[in-house]
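Student: Contents are TSV, N, CA and C atoms; file name query-v2.tsv:
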chain	number	residue	atom	x	y	z
A	149	MET	N	256.23	138.15	130.07
A	149	MET	CA	257.25	138.44	131.06
A	149	MET	C	258.28	137.33	131.02
A	150	THR	N	259.55	137.68	131.09
A	150	THR	CA	260.62	136.68	131.01
A	150	THR	C	260.89	136.09	132.38
A	151	SER	N	261.31	134.85	132.36
A	151	SER	CA	261.65	134.16	133.59
A	151	SER	C	263.12	134.40	133.91
A	152	MET	N	263.40	134.82	135.12
A	152	MET	CA	264.77	135.09	135.54
A	152	MET	C	265.22	133.99	136.48
A	153	ALA	N	266.49	133.63	136.38
A	153	ALA	CA	267.06	132.64	137.29
A	153	ALA	C	267.12	133.24	138.69
A	154	PRO	N	266.89	132.43	139.71
A	154	PRO	CA	266.95	132.97	141.07
A	154	PRO	C	268.36	133.47	141.39
A	155	LEU	N	268.42	134.57	142.11
A	155	LEU	CA	269.71	135.14	142.48
A	155	LEU	C	270.26	134.41	143.70
A	156	THR	N	271.48	133.99	143.58
A	156	THR	CA	272.17	133.34	144.69
A	156	THR	C	273.59	133.89	144.75
A	157	MET	N	274.32	133.53	145.77
A	157	MET	CA	275.69	134.01	145.91
A	157	MET	C	276.55	133.49	144.75
A	158	ARG	N	276.21	132.30	144.20
A	158	ARG	CA	276.99	131.74	143.11
A	158	ARG	C	276.88	132.58	141.84
A	159	ASN	N	275.80	133.35	141.69
A	159	ASN	CA	275.65	134.19	140.50
A	159	ASN	C	276.74	135.24	140.41
A	160	PHE	N	277.38	135.58	141.50
A	160	PHE	CA	278.38	136.64	141.51
A	160	PHE	C	279.79	136.13	141.29
A	161	GLN	N	279.99	134.82	141.25
A	161	GLN	CA	281.33	134.25	141.09
A	161	GLN	C	282.00	134.73	139.81
A	162	PRO	N	281.32	134.75	138.64
A	162	PRO	CA	282.00	135.25	137.43
A	162	PRO	C	282.43	136.71	137.56
A	163	ASP	N	281.63	137.53	138.23
A	163	ASP	CA	281.99	138.94	138.41
A	163	ASP	C	283.22	139.08	139.29
A	164	ILE	N	283.30	138.27	140.32
A	164	ILE	CA	284.45	138.32	141.22
A	164	ILE	C	285.71	137.90	140.47
A	165	GLU	N	285.60	136.82	139.68
A	165	GLU	CA	286.76	136.35	138.92
A	165	GLU	C	287.18	137.39	137.88
A	166	ARG	N	286.22	138.04	137.24
A	166	ARG	CA	286.53	139.06	136.24
A	166	ARG	C	287.22	140.25	136.89
A	167	SER	N	286.75	140.68	138.06
A	167	SER	CA	287.38	141.83	138.72
A	167	SER	C	288.80	141.48	139.16
A	168	ASN	N	289.01	140.22	139.60
A	168	ASN	CA	290.37	139.80	139.97
A	168	ASN	C	291.28	139.80	138.75
A	169	ALA	N	290.77	139.34	137.60
A	169	ALA	CA	291.58	139.32	136.38
A	169	ALA	C	291.92	140.74	135.94
A	170	ILE	N	290.98	141.66	136.05
A	170	ILE	CA	291.22	143.06	135.68
A	170	ILE	C	292.27	143.67	136.60
A	171	ARG	N	292.17	143.39	137.88
A	171	ARG	CA	293.14	143.93	138.84
A	171	ARG	C	294.53	143.39	138.54
A	172	GLU	N	294.62	142.08	138.27
A	172	GLU	CA	295.92	141.48	137.97
A	172	GLU	C	296.49	142.02	136.67
A	173	ALA	N	295.64	142.24	135.66
A	173	ALA	CA	296.10	142.78	134.39
A	173	ALA	C	296.63	144.19	134.58
A	174	GLY	N	295.96	144.98	135.41
A	174	GLY	CA	296.41	146.34	135.68
A	174	GLY	C	297.73	146.35	136.42
A	175	MET	N	297.92	145.41	137.32
A	175	MET	CA	299.16	145.34	138.08
A	175	MET	C	300.31	144.88	137.17
A	176	GLY	N	300.00	144.02	136.20
A	176	GLY	CA	301.03	143.53	135.31
A	176	GLY	C	301.46	144.58	134.29
A	177	ALA	N	300.66	145.61	134.08
A	177	ALA	CA	300.95	146.62	133.07
A	177	ALA	C	301.82	147.75	133.63
A	178	GLY	N	302.48	147.52	134.75
A	178	GLY	CA	303.38	148.53	135.30
A	178	GLY	C	302.74	149.41	136.35
A	179	ALA	N	301.50	149.13	136.71
A	179	ALA	CA	300.83	149.93	137.74
A	179	ALA	C	301.41	149.55	139.10
A	180	THR	N	301.37	150.49	140.00
A	180	THR	CA	301.86	150.20	141.35
A	180	THR	C	300.69	150.14	142.30
A	181	GLN	N	300.81	149.28	143.28
A	181	GLN	CA	299.77	149.14	144.27
A	181	GLN	C	300.19	149.87	145.53
A	182	VAL	N	299.24	150.57	146.12
A	182	VAL	CA	299.52	151.28	147.36
A	182	VAL	C	299.65	150.25	148.47
A	183	ALA	N	300.70	150.37	149.26
A	183	ALA	CA	300.91	149.43	150.36
A	183	ALA	C	299.87	149.65	151.44
A	184	GLY	N	299.51	148.58	152.09
A	184	GLY	CA	298.56	148.69	153.18
A	184	GLY	C	297.26	147.98	152.85
A	185	PRO	N	296.33	148.02	153.79
A	185	PRO	CA	295.06	147.32	153.59
A	185	PRO	C	294.20	148.01	152.53
A	186	ASP	N	293.33	147.23	151.94
A	186	ASP	CA	292.38	147.73	150.95
A	186	ASP	C	291.05	147.96	151.67
A	187	PRO	N	290.78	149.18	152.15
A	187	PRO	CA	289.58	149.40	152.96
A	187	PRO	C	288.28	149.14	152.20
A	188	PHE	N	288.23	149.52	150.92
A	188	PHE	CA	287.01	149.27	150.16
A	188	PHE	C	286.78	147.78	149.97
A	189	GLY	N	287.84	147.06	149.63
A	189	GLY	CA	287.72	145.61	149.46
A	189	GLY	C	287.31	144.92	150.74
A	190	GLN	N	287.88	145.36	151.86
A	190	GLN	CA	287.53	144.77	153.15
A	190	GLN	C	286.07	145.07	153.50
A	191	MET	N	285.63	146.30	153.21
A	191	MET	CA	284.25	146.67	153.49
A	191	MET	C	283.29	145.81	152.65
A	192	MET	N	283.62	145.63	151.37
A	192	MET	CA	282.75	144.84	150.49
A	192	MET	C	282.74	143.37	150.93
A	193	LYS	N	283.90	142.86	151.32
A	193	LYS	CA	283.97	141.47	151.77
A	193	LYS	C	283.12	141.27	153.02
A	194	LYS	N	283.19	142.21	153.95
A	194	LYS	CA	282.38	142.14	155.17
A	194	LYS	C	280.89	142.20	154.83
A	195	PHE	N	280.53	143.09	153.89
A	195	PHE	CA	279.14	143.23	153.48
A	195	PHE	C	278.62	141.92	152.87
A	196	VAL	N	279.39	141.31	151.98
A	196	VAL	CA	278.98	140.06	151.35
A	196	VAL	C	278.88	138.96	152.40
A	197	ASN	N	279.82	138.90	153.33
A	197	ASN	CA	279.76	137.89	154.39
A	197	ASN	C	278.54	138.10	155.28
A	198	ASP	N	278.20	139.35	155.59
A	198	ASP	CA	277.00	139.63	156.39
A	198	ASP	C	275.74	139.17	155.68
A	199	VAL	N	275.66	139.43	154.38
A	199	VAL	CA	274.50	138.99	153.60
A	199	VAL	C	274.43	137.46	153.59
A	200	ASP	N	275.57	136.82	153.41
A	200	ASP	CA	275.61	135.36	153.42
A	200	ASP	C	275.15	134.81	154.77
A	201	ASP	N	275.59	135.43	155.86
A	201	ASP	CA	275.17	135.01	157.19
A	201	ASP	C	273.66	135.14	157.36
A	202	LYS	N	273.09	136.24	156.87
A	202	LYS	CA	271.64	136.44	156.97
A	202	LYS	C	270.89	135.37	156.17
A	203	MET	N	271.44	134.99	155.02
A	203	MET	CA	270.80	133.95	154.22
A	203	MET	C	270.86	132.60	154.92
A	204	LYS	N	271.97	132.31	155.59
A	204	LYS	CA	272.10	131.05	156.33
A	204	LYS	C	271.13	131.01	157.51
A	205	VAL	N	271.00	132.13	158.23
A	205	VAL	CA	270.06	132.20	159.35
A	205	VAL	C	268.64	132.00	158.85
A	206	SER	N	268.30	132.64	157.74
A	206	SER	CA	266.98	132.51	157.16
A	206	SER	C	266.68	131.07	156.79
A	207	SER	N	267.63	130.42	156.16
A	207	SER	CA	267.46	129.01	155.77
A	207	SER	C	267.30	128.12	156.99
A	208	SER	N	268.10	128.39	158.01
A	208	SER	CA	268.03	127.61	159.24
A	208	SER	C	266.66	127.76	159.91
A	209	GLU	N	266.20	129.00	160.00
A	209	GLU	CA	264.89	129.26	160.62
A	209	GLU	C	263.77	128.58	159.83
A	210	LYS	N	263.85	128.66	158.51
A	210	LYS	CA	262.83	128.04	157.66
A	210	LYS	C	262.82	126.53	157.87
A	211	ASN	N	264.00	125.91	157.92
A	211	ASN	CA	264.09	124.47	158.12
A	211	ASN	C	263.55	124.06	159.48
A	212	LYS	N	263.79	124.89	160.50
A	212	LYS	CA	263.27	124.58	161.84
A	212	LYS	C	261.75	124.58	161.83
A	213	VAL	N	261.15	125.56	161.15
A	213	VAL	CA	259.69	125.64	161.10
A	213	VAL	C	259.14	124.46	160.30
A	214	LEU	N	259.76	124.14	159.17
A	214	LEU	CA	259.27	123.05	158.33
A	214	LEU	C	259.39	121.69	159.01
A	215	SER	N	260.42	121.51	159.82
A	215	SER	CA	260.60	120.22	160.50
A	215	SER	C	259.78	120.12	161.78
A	216	GLY	N	259.18	121.22	162.20
A	216	GLY	CA	258.38	121.22	163.42
A	216	GLY	C	259.20	121.45	164.66
A	217	GLU	N	260.49	121.71	164.49
A	217	GLU	CA	261.38	121.94	165.63
A	217	GLU	C	261.04	123.26	166.33
A	218	ALA	N	260.58	124.23	165.56
A	218	ALA	CA	260.22	125.54	166.11
A	218	ALA	C	258.82	125.91	165.62
A	219	THR	N	258.09	126.64	166.43
A	219	THR	CA	256.74	127.04	166.05
A	219	THR	C	256.63	128.55	165.82
A	220	ASN	N	257.74	129.25	165.91
A	220	ASN	CA	257.70	130.70	165.74
A	220	ASN	C	257.86	131.06	164.26
A	221	LEU	N	256.76	130.95	163.54
A	221	LEU	CA	256.75	131.26	162.11
A	221	LEU	C	257.12	132.72	161.86
A	222	HIS	N	256.69	133.60	162.77
A	222	HIS	CA	256.99	135.03	162.58
A	222	HIS	C	258.50	135.28	162.57
A	223	GLN	N	259.25	134.56	163.40
A	223	GLN	CA	260.71	134.74	163.43
A	223	GLN	C	261.33	134.28	162.11
A	224	ALA	N	260.82	133.19	161.56
A	224	ALA	CA	261.33	132.68	160.28
A	224	ALA	C	261.01	133.67	159.16
A	225	MET	N	259.83	134.25	159.18
A	225	MET	CA	259.44	135.22	158.15
A	225	MET	C	260.27	136.49	158.25
A	226	ILE	N	260.53	136.95	159.46
A	226	ILE	CA	261.37	138.14	159.65
A	226	ILE	C	262.78	137.87	159.12
A	227	ALA	N	263.34	136.72	159.45
A	227	ALA	CA	264.68	136.37	158.98
A	227	ALA	C	264.70	136.27	157.46
A	228	SER	N	263.64	135.71	156.88
A	228	SER	CA	263.56	135.58	155.43
A	228	SER	C	263.50	136.94	154.75
A	229	GLN	N	262.68	137.85	155.28
A	229	GLN	CA	262.57	139.18	154.69
A	229	GLN	C	263.86	139.97	154.87
A	230	GLU	N	264.50	139.83	156.02
A	230	GLU	CA	265.76	140.53	156.27
A	230	GLU	C	266.83	140.05	155.28
A	231	SER	N	266.88	138.75	155.05
A	231	SER	CA	267.83	138.20	154.11
A	231	SER	C	267.51	138.66	152.68
A	232	SER	N	266.26	138.72	152.34
A	232	SER	CA	265.85	139.15	151.00
A	232	SER	C	266.21	140.61	150.75
A	233	VAL	N	265.95	141.47	151.72
A	233	VAL	CA	266.27	142.88	151.57
A	233	VAL	C	267.78	143.09	151.49
A	234	SER	N	268.53	142.38	152.31
A	234	SER	CA	270.00	142.49	152.29
A	234	SER	C	270.55	142.05	150.94
A	235	PHE	N	270.03	140.95	150.41
A	235	PHE	CA	270.51	140.45	149.13
A	235	PHE	C	270.16	141.42	148.00
A	236	THR	N	268.95	141.96	148.04
A	236	THR	CA	268.54	142.93	147.02
A	236	THR	C	269.43	144.17	147.07
A	237	LEU	N	269.75	144.63	148.26
A	237	LEU	CA	270.65	145.77	148.40
A	237	LEU	C	272.03	145.45	147.82
A	238	MET	N	272.53	144.25	148.09
A	238	MET	CA	273.83	143.86	147.56
A	238	MET	C	273.81	143.81	146.03
A	239	VAL	N	272.74	143.29	145.45
A	239	VAL	CA	272.62	143.23	143.99
A	239	VAL	C	272.59	144.63	143.40
A	240	GLU	N	271.83	145.53	144.01
A	240	GLU	CA	271.75	146.90	143.51
A	240	GLU	C	273.09	147.61	143.64
A	241	LEU	N	273.79	147.37	144.72
A	241	LEU	CA	275.12	147.96	144.91
A	241	LEU	C	276.07	147.45	143.84
A	242	ARG	N	276.03	146.16	143.58
A	242	ARG	CA	276.85	145.58	142.52
A	242	ARG	C	276.52	146.21	141.17
A	243	ASN	N	275.23	146.36	140.87
A	243	ASN	CA	274.82	146.96	139.59
A	243	ASN	C	275.34	148.39	139.46
A	244	LYS	N	275.26	149.15	140.53
A	244	LYS	CA	275.75	150.53	140.48
A	244	LYS	C	277.26	150.58	140.29
A	245	LEU	N	277.97	149.69	140.96
A	245	LEU	CA	279.43	149.64	140.80
A	245	LEU	C	279.82	149.27	139.37
A	246	VAL	N	279.14	148.30	138.80
A	246	VAL	CA	279.42	147.89	137.42
A	246	VAL	C	279.09	149.04	136.47
A	247	GLU	N	277.97	149.69	136.70
A	247	GLU	CA	277.58	150.83	135.86
A	247	GLU	C	278.60	151.95	135.95
A	248	SER	N	279.09	152.23	137.15
A	248	SER	CA	280.11	153.27	137.33
A	248	SER	C	281.40	152.89	136.63
A	249	TYR	N	281.80	151.63	136.75
A	249	TYR	CA	283.01	151.16	136.09
A	249	TYR	C	282.88	151.30	134.57
A	250	GLN	N	281.73	150.91	134.03
A	250	GLN	CA	281.51	151.01	132.58
A	250	GLN	C	281.54	152.48	132.14
A	251	GLU	N	281.00	153.36	132.93
A	251	GLU	CA	281.01	154.79	132.61
A	251	GLU	C	282.45	155.31	132.59
A	252	LEU	N	283.26	154.88	133.53
A	252	LEU	CA	284.67	155.28	133.56
A	252	LEU	C	285.42	154.76	132.34
A	253	MET	N	285.09	153.55	131.90
A	253	MET	CA	285.76	152.97	130.74
A	253	MET	C	285.36	153.70	129.45
A	254	ARG	N	284.16	154.28	129.42
A	254	ARG	CA	283.72	155.02	128.24
A	254	ARG	C	284.30	156.43	128.20
A	255	ALA	N	284.77	156.93	129.32
A	255	ALA	CA	285.29	158.28	129.38
A	255	ALA	C	286.56	158.38	128.55
A	256	GLN	N	286.68	159.47	127.79
A	256	GLN	CA	287.86	159.65	126.98
A	256	GLN	C	288.94	160.34	127.82
A	257	VAL	N	290.13	159.86	127.66
A	257	VAL	CA	291.25	160.39	128.45
A	257	VAL	C	292.03	161.38	127.64
Could you quickly redo this structure as structure tokens?
Tutor:
Amino acid sequence: MTSMAPLTMRNFQPDIERSNAIREAGMGAGATQVAGPDPFGQMMKKFVNDVDDKMKVSSSEKNKVLSGEATNLHQAMIASQESSVSFTLMVELRNKLVESYQELMRAQV
């Protein structure tokens, strides 16, 4: 079995930079942008921020238990599992979006 690097928010930085470069390249090629807010982008940004908040809460709860500041281990475990499930969902959503994008790029026009 192969060893995988732990997934963190930093693992997504290259994907974010690549998507920004693709968007800028498309805009430079004469494409026009629809005026107004980007609802999908805003939704994704909110989703990523929510996942990040859950990870911070989980880390905080874990540190409180480890330092002896709090004795509610069950609360720390719940926060940890909630953060883990949220992050896994975000990774799967990212994978599906990348897969869909690749499928669109393979489609013949």
Student: Extract, using all atoms listed in the file, all DNA, RNA and protein residues at most 7 Å from range 197-209 of chain A, discarding same-chain residues fewer than 3 positions from it, and format them as a CSV table (one decimal) with N, CA and C atoms, in the coordinates of the input.
Tutor:
chain,number,residue,atom,x,y,z
A,192,MET,N,283.6,145.6,151.4
A,192,MET,CA,282.8,144.8,150.5
A,192,MET,C,282.7,143.4,150.9
A,193,LYS,N,283.9,142.9,151.3
A,193,LYS,CA,284.0,141.5,151.8
A,193,LYS,C,283.1,141.3,153.0
A,194,LYS,N,283.2,142.2,154.0
A,194,LYS,CA,282.4,142.1,155.2
A,194,LYS,C,280.9,142.2,154.8
A,212,LYS,N,263.8,124.9,160.5
A,212,LYS,CA,263.3,124.6,161.8
A,212,LYS,C,261.8,124.6,161.8
A,213,VAL,N,261.2,125.6,161.2
A,213,VAL,CA,259.7,125.6,161.1
A,213,VAL,C,259.1,124.5,160.3
A,214,LEU,N,259.8,124.1,159.2
A,214,LEU,CA,259.3,123.0,158.3
A,214,LEU,C,259.4,121.7,159.0
A,223,GLN,N,259.2,134.6,163.4
A,223,GLN,CA,260.7,134.7,163.4
A,223,GLN,C,261.3,134.3,162.1
A,224,ALA,N,260.8,133.2,161.6
A,224,ALA,CA,261.3,132.7,160.3
A,224,ALA,C,261.0,133.7,159.2
A,225,MET,N,259.8,134.2,159.2
A,225,MET,CA,259.4,135.2,158.2
A,225,MET,C,260.3,136.5,158.2
A,227,ALA,N,263.3,136.7,159.4
A,227,ALA,CA,264.7,136.4,159.0
A,227,ALA,C,264.7,136.3,157.5
A,228,SER,N,263.6,135.7,156.9
A,228,SER,CA,263.6,135.6,155.4
A,228,SER,C,263.5,136.9,154.8
A,230,GLU,N,264.5,139.8,156.0
A,230,GLU,CA,265.8,140.5,156.3
A,230,GLU,C,266.8,140.0,155.3
A,231,SER,N,266.9,138.8,155.0
A,231,SER,CA,267.8,138.2,154.1
A,231,SER,C,267.5,138.7,152.7
A,232,SER,N,266.3,138.7,152.3
A,232,SER,CA,265.8,139.2,151.0
A,232,SER,C,266.2,140.6,150.8
A,234,SER,N,268.5,142.4,152.3
A,234,SER,CA,270.0,142.5,152.3
A,234,SER,C,270.6,142.0,150.9
A,235,PHE,N,270.0,141.0,150.4
A,235,PHE,CA,270.5,140.4,149.1
A,235,PHE,C,270.2,141.4,148.0
Student: Which distance in Å separates CA of Gln229 in chain A and atom C of Glu247 in chain A, to one decimal?
Tutor: 27.8 Å
Student: Please compute the CA of Thr236 in chain A-CA of Glu251 in chain A distance, one decimal, in Å.
Tutor: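 Pair CA of Thr236 in chain A / CA of Glu251 in chain A returns 22.4 Å.
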Student: Work out how far apart atom C of Lys210 in chain A and atom N of Ile226 in chain A are and give it in Å to one decimal.
Tutor: 10.8 Å
Student: Compare A:Leu252, A:Ala218, A:Val196, A:Val257 by their minimum atom-to-atom distance to Met238 in chain A, counting all atoms listed in the file, and give me the closest one.
Tutor: A:Val196
